[in-house]
Every structure is written in C-alpha cells, then in structure tokens.
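To keep things clear, I will list the structure first and then write my remarks on it.
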Amino acid sequence: MYPISTYFMKLALRPELGSRVFIRNITRSHLLKQSFSLNRSAIPLRARAFGQNVKIQPLSRSTHQTSLPDASDEKKAKRQLYDNWVDRLPEKVSPYLYLLRLDRPVGSWLLFWPCAWSITMAAASSSASISQTASMLALFGLGAVTMRGAGCVINDFWDRDLDSKVERTKTRPIASGAISPTNAILFLGSQMTIGLGILTQLNTFSIFLGASCVPMSMLYPLLKRYTYWPQLGLGVSYNWGALLGWSAMTGELNLSVAGPLYLGSVAWTIVYDTIYAHQDKKDDVNIGVKSTALLFGNDTNKWLTGFSTMFVSMTALAGYMNGQGLPFYLLSVGGTAAHLAWQLRTVNYEMPSECWSKFKSNVHLGGILWSGLAADALLAHPYALS
C-alpha cells in the first residue's frame with residue numbers, strides 16, 4: 001500500500017491518468033489517522049498540472065448518520081395552529097370551530113344583547129312570566145351562537161381571497177386552505193338548518209320576520225368592496241333581534257318601542273365596528289377594501305360621538321315609549337352613556353390591540369343596558385316577572 005503522499009505525487013507526475021480520479025482502496029485505519037472520512041462516491045480529486053494544489057473536500061463523520069425527518073413531526077408542521085384552546089382538539093375538528101369563532105364569543109354576545117333588550121322590554125309590557133322570559137332568552141342565546149357562526153362562514157367564504165392578504169385574518173380556515181370552499185358551503189347548510197329549527201319555535205309572524213333578514217346577512221360581506229359604509233350594513237342585519245325579540249314575545253311588532261331600539265342598536269354597531277375596523281386600516285388600503293374607519297379618518301371620534309349620542313337617545317326614547325322607570329334611566333341610559341364616553345376618550349386608533357380591547361368592552365356595555373331593564377322589571381313592573 002502506498003503512503004497517501006506518494007499516491008498524490010504519482011497523480012501529479014502522470015496527468016494522463018485524467019483530470020478527475022477517485023480515491024479508492026484507502027483503509028478505515030488510515031482514515032481515522034487523517035481525522036476525517038471520505039465519501040468515495042462524492043469526492044473527486046483534481047490534478048491539473050505540475051505545481052498545482054490538490055484539493056480534497058472532507059466530509060464530517062455525521063454524513064453517514066443523517067436521519068430522515070420523522071413523519072409525525074412533518075405532519076405537526078403542516079397543521080394550522082390558532083394559539084388557543086381550539087388547538088387541543090382533533091385536527092379535522094379545530095378548523096371548523098375556529099371558523100365559527102367559538103374561541104372568540106364577543107360577536108355572539110353583541111348579536112344577543114339587542115335580542116335580550118327587546119325581549120325584556122316586551123316582557124314588561126305584556127306581563128310575561130319569568131319562566132317565559134327566561135326560556136325565550138335561552139332560545140335567542142342559542143340562536144345568537146348559531147347564526148353568528150353562520151355569518152362568520154358567509155363572511156369568510158366571500159372574503160377568502162382578501163383574508164389571505166391581511167396579517168390578522170390570513171390564518172382563517174377558508175383563506176388558509178384548511179377548509180375548502182365546498183366544505184364551507186356544506187357546513188353553512190348545517191348551520192342554517194339549526195337556525196331554521198330554532199326559528200320555527202317562534203310564532204308565525206316572527207318566523208317570516210326572522211327569515212326576511214337572511215338576504216342582507218348573505219350580502220353584507222360584499223359591501224366593503226363597493227361602499228365605505230359596510231358597518232351600516234352590518235348594523236342593519238346584526239340588530240334584527242331588536243325587532244324579532246319583541247315579536248317573539250307578543251306576536252306583533254310595536255314599532256313605537258322596537259323601532260327606536262333597533263335604530264339605536266344600528267348606531268351602536270357603527271360605533272364598535274368602526275373601532276374594530278381601525279385594526280386593519282393599513283391592510284384595507286393596500287387591498288382596496290373600504291370601511292367607516294377609512295372614511296372617518298382623523299375625525300373618527302367626532303363621528304362616533306354622534307352615533308353614540310344617537311344610540312343613547314334612541315334607547316331612552318324606546319324606554320319612554322315603553323313606560324320604563326328610574327332604574328332604566330340610571331343604568332341603561334346613564335351607564336351606557338358613561339361607558340361610551342370612556343371608550344371614545346381612551347381609545348387609541350393607531351394601536352390594534354387597543355382597538356380590540358375597546359371593541360370587546362361593548363359586551364359589558366350590552367350587559368349594563370340589560371341590567372337596567374331587568375332591575376326596572378323587578379322593581380317597577382313586578383307583575384311582569386310573577
């Protein structure tokens with residue numbers, strides 16, 4: 001066996017051996033002495049002419065120990081994570097629950113509160129029993145969760161191309177591809193079936209009144225493409241419960257009470273959804289989406305002060321027409337006004353986290369307004385809960 005230095009000299013002295021040769025027949029003991037290993041199938045040796053350096057590319061010992069990626073790790077890497085309790089559920093289930101926003105029940109509460117206000121006011125007006133009122137509140141609560149989920153599916157289906165371009169929404173299941181558009185439509189069908197089952201528990205007038213809101217709910221997500229007032233469209237459809245709750249309790253619609261309550265609720269939605277829209281205003285400009293946040297711009301507080309005033313005034317008018325008492329004016333009117341003033345005084349429209357926090361706080365506002373109605377029913381109208 002030649003020493004390795006002698007082998008290299010032969011290659012340099014005899015270029016006719018070719019410009020590319022491979023090192024062969026080197027024993028393992030010699031490789032260990034040289035403190036590196038050679039992969040004989042991959043390391044060429046170049047000897048071009050006299051006096052040139054011979055280059056050898058060493059390979060680390062780990063070359064032979066490379067392991068293939070674990071299949072389970074690769075599967076985990078592909079799964080879309082949502083950074084909340086939904087991730088603990090089976091992979092095939094979690095995208096659907098995330099699509100329904102069950103991890104963020106704020107929207108369900110905001111849909112429920114106008115229903116609860118209307119039901120409680122109608123209960124006081126019609127002397128409904130506490131059991132009848134409670135059962136109706138529970139039924140509308142289930143309906144709010146169901147229809148809010150259906151609304152999210154509709155919204156995400158229409159916006160799937162836009163959501164993928166916005167940082168906050170790009171992980172939504174339809175936009176990310178976790179749920180196909182076809183499966184989303186099938187899932188929407190199941191939601192609408194449940195909603196229809198809940199609606200048929202009401203009287204005939206209320207069934208038709210509730211169904212009349214469906215077209216607006218289906219078309220609302222398209223408004224942001226054509227008008228700066230999509231928040232108005234949301235308010236029109238999202239607060240239908242202010243009308244439906246009254247008719248569900250009485251079998252008719254008293255517009256002298258339910259009308260102002262509904263209009264005030266629409267103004268409330270413009271307030272909280274404009275704050276919400278400020279989270280995405282930079283992305284909205286880039287992708288050409290419109291909103292009241294962009295329309296109002298630096299004058300947002302002035303506009304929202306006006307809509308807040310409308311909300312409080314219409315609520316007070318509805319209470320006056322329904323004969324509400326002092327607890328209503330102290331808690332429902334006064335408490336609501338104070339909460340709105342706090343929101344507009346402290347919100348920072350340039351901080352998305354701050355906008356989200358103020359948006360969420362409207363769940364508490366809804367509870368404040370309802371507590372005044374409930375207290376009034378207990379104190380001023382005890383017959384309504386007897």
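Just remember, in the structure tokens the first chain shown is A, the second B, etc., residues are 1-based per chain, and ligands are 1-based in the order shown.
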Write out as JSON lines the residues of segment 84-137 of chain A that have any atom within 12 Å of an atom of segment 273-296 of chain A, one row each with the nearest atom pair and its distance in Å to one decimal, counting only C-alpha atoms, sorted by chain and then rising number.
```
{"residue": "A:Val106", "atom": "CA", "partner": "A:Tyr276", "partner_atom": "CA", "distance": 11.8}
{"residue": "A:Gly107", "atom": "CA", "partner": "A:Asp273", "partner_atom": "CA", "distance": 10.6}
{"residue": "A:Leu110", "atom": "CA", "partner": "A:Asp273", "partner_atom": "CA", "distance": 10.6}
```
**Q.** Residue neighbourhood Phe208 of chain A, 10 Å, only C-alpha atoms, exclusion window fewer than 6 positions, as a count of residues only
**A.** 4
Q) Taking into account only C-alpha atoms, which residue in the set A:Phe157, A:Trp117, A:Tyr228, A:Trp109 is nearest to Leu188 of chain A? A)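 The closest residue to Leu188 of chain A is A:Phe157.
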How close does segment 195-230 of chain A get to segment 140-151 of chain A? List, as a Markdown table, each residue of segment 195-230 of chain A within 10 Å, its nearest atom pair and the distance in Å to one decimal, counting only C-alpha atoms.
```
| residue | atom | partner | partner_atom | distance |
| --- | --- | --- | --- | --- |
| A:Gly195 | CA | A:Thr146 | CA | 6.2 |
| A:Leu196 | CA | A:Gly143 | CA | 9.2 |
| A:Gly197 | CA | A:Gly143 | CA | 9.4 |
| A:Ile198 | CA | A:Gly143 | CA | 6.4 |
| A:Leu199 | CA | A:Gly143 | CA | 8.0 |
| A:Val214 | CA | A:Gly151 | CA | 9.8 |
| A:Ser217 | CA | A:Gly151 | CA | 6.9 |
| A:Met218 | CA | A:Gly151 | CA | 7.7 |
| A:Tyr220 | CA | A:Gly151 | CA | 9.4 |
| A:Pro221 | CA | A:Gly151 | CA | 9.2 |
```
Generate a file of the selected residues that holds N, CA, C and O atoms, formatted as a tab-separated table (two decimals), in the first residue's frame.
```
chain	number	residue	atom	x	y	z
A	195	GLY	N	-80.37	26.88	12.61
A	195	GLY	CA	-81.01	28.18	12.79
A	195	GLY	C	-82.48	28.13	12.43
A	195	GLY	O	-83.32	28.74	13.13
A	196	LEU	N	-82.81	27.43	11.36
A	196	LEU	CA	-84.21	27.30	10.97
A	196	LEU	C	-85.00	26.53	12.02
A	196	LEU	O	-86.16	26.88	12.33
A	197	GLY	N	-84.37	25.52	12.60
A	197	GLY	CA	-85.04	24.77	13.66
A	197	GLY	C	-85.36	25.64	14.86
A	197	GLY	O	-86.42	25.50	15.49
A	198	ILE	N	-84.44	26.55	15.19
A	198	ILE	CA	-84.68	27.47	16.31
A	198	ILE	C	-85.78	28.48	15.95
A	198	ILE	O	-86.67	28.77	16.75
A	199	LEU	N	-85.73	28.99	14.72
A	199	LEU	CA	-86.71	29.99	14.29
A	199	LEU	C	-88.12	29.43	14.29
A	199	LEU	O	-89.08	30.15	14.63
A	214	VAL	N	-82.35	37.25	6.22
A	214	VAL	CA	-81.31	36.39	5.64
A	214	VAL	C	-80.63	37.01	4.42
A	214	VAL	O	-79.39	36.96	4.32
A	217	SER	N	-77.97	39.43	5.43
A	217	SER	CA	-76.85	38.74	6.07
A	217	SER	C	-75.94	38.08	5.05
A	217	SER	O	-74.72	38.01	5.23
A	218	MET	N	-76.52	37.60	3.95
A	218	MET	CA	-75.74	36.94	2.91
A	218	MET	C	-74.93	37.94	2.09
A	218	MET	O	-73.83	37.64	1.63
A	220	TYR	N	-74.06	41.21	3.10
A	220	TYR	CA	-73.28	42.18	3.85
A	220	TYR	C	-71.77	42.12	3.56
A	220	TYR	O	-71.14	43.18	3.36
A	221	PRO	N	-71.15	40.92	3.52
A	221	PRO	CA	-69.68	40.90	3.32
A	221	PRO	C	-69.23	41.54	2.01
A	221	PRO	O	-68.06	41.93	1.89
```
**Q.** Residue contacts of Ala175 of chain A (10 Å, only C-alpha atoms) excluding same-chain residues fewer than 6 positions away, as JSON, numbers by chain
**A.** {"A": [156, 157, 158, 159, 160, 161, 162, 163, 164, 165, 169, 181]}
Q: Mind giving me the straight-line distance from atom CA of Ser357 of chain A to atom CA of Met310 of chain A in Å, one decimal?
A: 22.8 Å
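Among the candidates A:Gln231, A:Ser247, A:Ser256, A:Asn239, the one nearest to Phe307 of chain A when counting only C-alpha atoms is A:Gln231.
Interatomic distance, atom CA of Leu331 of chain A against atom CA of Phe112 of chain A: 18.8 Å.
In terms of minimum interatomic distance to Tyr262 of chain A, A:Ala318 ranks closest within A:Val347, A:Ala123, A:Leu222, A:Ala318, counting only C-alpha atoms.
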